[in-house]
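Inspection log for the structure reproduced underneath, given as C-alpha coordinates.
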Amino acid sequence: MNNREAMLKKLNAAQFTLWEIHLYLDTHPWDLQMVEHYHKCHSKYKLIKAEFEEKYCPLTTKKAQGAEWLKGPWPWEFQECDC
(Lines give C-alpha, C1' and ligand atoms only; values in the text may rest on other atoms or scores of the structure.)
Protein backbone atom coordinates (compact mmCIF):
# COMPACT_ATOMS: atom_id res chain seq x y z
CA MET A 1 0.00 0.00 0.00
CA ASN A 2 1.46 3.35 -1.01
CA ASN A 3 1.17 6.61 0.92
CA ARG A 4 -1.77 7.84 -1.19
CA GLU A 5 -3.79 4.70 -0.46
CA ALA A 6 -2.91 4.89 3.24
CA MET A 7 -4.10 8.50 3.40
CA LEU A 8 -7.34 7.58 1.60
CA LYS A 9 -7.97 4.78 4.11
CA LYS A 10 -7.34 7.19 6.98
CA LEU A 11 -9.71 9.72 5.42
CA ASN A 12 -12.32 7.04 4.84
CA ALA A 13 -12.10 5.91 8.48
CA ALA A 14 -12.48 9.50 9.71
CA GLN A 15 -15.51 10.03 7.46
CA PHE A 16 -17.07 6.76 8.63
CA THR A 17 -16.56 7.83 12.25
CA LEU A 18 -18.27 11.14 11.57
CA TRP A 19 -21.23 9.42 9.96
CA GLU A 20 -21.64 6.96 12.85
CA ILE A 21 -21.52 9.77 15.42
CA HIS A 22 -24.02 11.72 13.32
CA LEU A 23 -26.41 8.76 13.33
CA TYR A 24 -26.01 8.40 17.11
CA LEU A 25 -26.70 12.10 17.62
CA ASP A 26 -29.91 11.80 15.59
CA THR A 27 -31.33 9.74 18.43
CA HIS A 28 -29.29 11.22 21.33
CA PRO A 29 -29.08 14.97 20.66
CA TRP A 30 -28.73 15.74 24.38
CA ASP A 31 -25.40 13.86 24.65
CA LEU A 32 -23.14 16.92 24.84
CA GLN A 33 -19.96 14.87 25.25
CA MET A 34 -20.66 13.17 21.94
CA VAL A 35 -21.42 16.52 20.29
CA GLU A 36 -18.02 17.73 21.45
CA HIS A 37 -16.42 14.50 20.21
CA TYR A 38 -18.13 14.99 16.84
CA HIS A 39 -16.63 18.47 16.51
CA LYS A 40 -13.15 17.15 17.35
CA CYS A 41 -13.49 14.36 14.80
CA HIS A 42 -14.77 16.80 12.19
CA SER A 43 -11.73 19.03 12.72
CA LYS A 44 -9.44 16.01 12.34
CA TYR A 45 -11.28 14.96 9.16
CA LYS A 46 -10.86 18.43 7.65
CA LEU A 47 -7.12 18.36 8.39
CA ILE A 48 -6.65 14.94 6.81
CA LYS A 49 -8.69 15.97 3.76
CA ALA A 50 -6.76 19.22 3.33
CA GLU A 51 -3.45 17.36 3.57
CA PHE A 52 -4.56 14.79 0.99
CA GLU A 53 -5.82 17.44 -1.42
CA GLU A 54 -2.60 19.42 -1.07
CA LYS A 55 -0.42 16.37 -1.78
CA TYR A 56 -2.51 14.66 -4.46
CA CYS A 57 -5.69 16.16 -5.88
CA PRO A 58 -9.04 17.69 -4.90
CA LEU A 59 -11.62 15.13 -3.83
CA THR A 60 -14.55 17.26 -4.96
CA THR A 61 -15.18 19.93 -7.57
CA LYS A 62 -16.17 22.54 -4.98
CA LYS A 63 -12.74 24.16 -4.94
CA ALA A 64 -12.58 24.54 -8.71
CA GLN A 65 -13.83 27.63 -10.47
CA GLY A 66 -16.17 26.99 -13.39
CA ALA A 67 -14.84 24.21 -15.60
CA GLU A 68 -11.34 24.28 -14.07
CA TRP A 69 -11.82 20.81 -12.64
CA LEU A 70 -12.16 19.46 -16.20
CA LYS A 71 -8.54 20.35 -16.95
CA GLY A 72 -7.29 17.41 -14.90
CA PRO A 73 -5.44 15.54 -13.88
CA TRP A 74 -8.06 12.81 -14.08
CA PRO A 75 -7.85 9.93 -11.57
CA TRP A 76 -6.44 7.53 -14.20
CA GLU A 77 -3.68 10.02 -15.11
CA PHE A 78 -1.82 9.41 -11.85
CA GLN A 79 1.06 6.97 -11.83
CA GLU A 80 -0.44 5.22 -8.83
CA CYS A 81 -3.56 4.28 -10.80
CA ASP A 82 -4.02 0.52 -11.16
CA CYS A 83 -6.32 0.91 -14.19
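For the C-alpha coordinates, the naming scheme is as follows: chains receive sequential letters (A, B, ...) according to their order of presentation, residues are indexed from 1 within each chain, and ligands are indexed from 1 in presentation order.
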
Could you give me, as a PyMOL selection string, the residues within 12 Å of Lys44 in chain A, counting only C-alpha atoms and dropping anything in the same chain fewer than 2 positions from it?
chain A and resi 10-11+13-15+17-18+37-42+46-51

re CA of Pro58 in chain A and CA of Glu77 in chain A: distance 13.9 Å

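Take CA of Lys55 in chain A and CA of Leu70 in chain A: the distance between them is 18.8 Å.
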
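Between CA of Glu20 in chain A and CA of Leu59 in chain A lies a distance of 21.1 Å.
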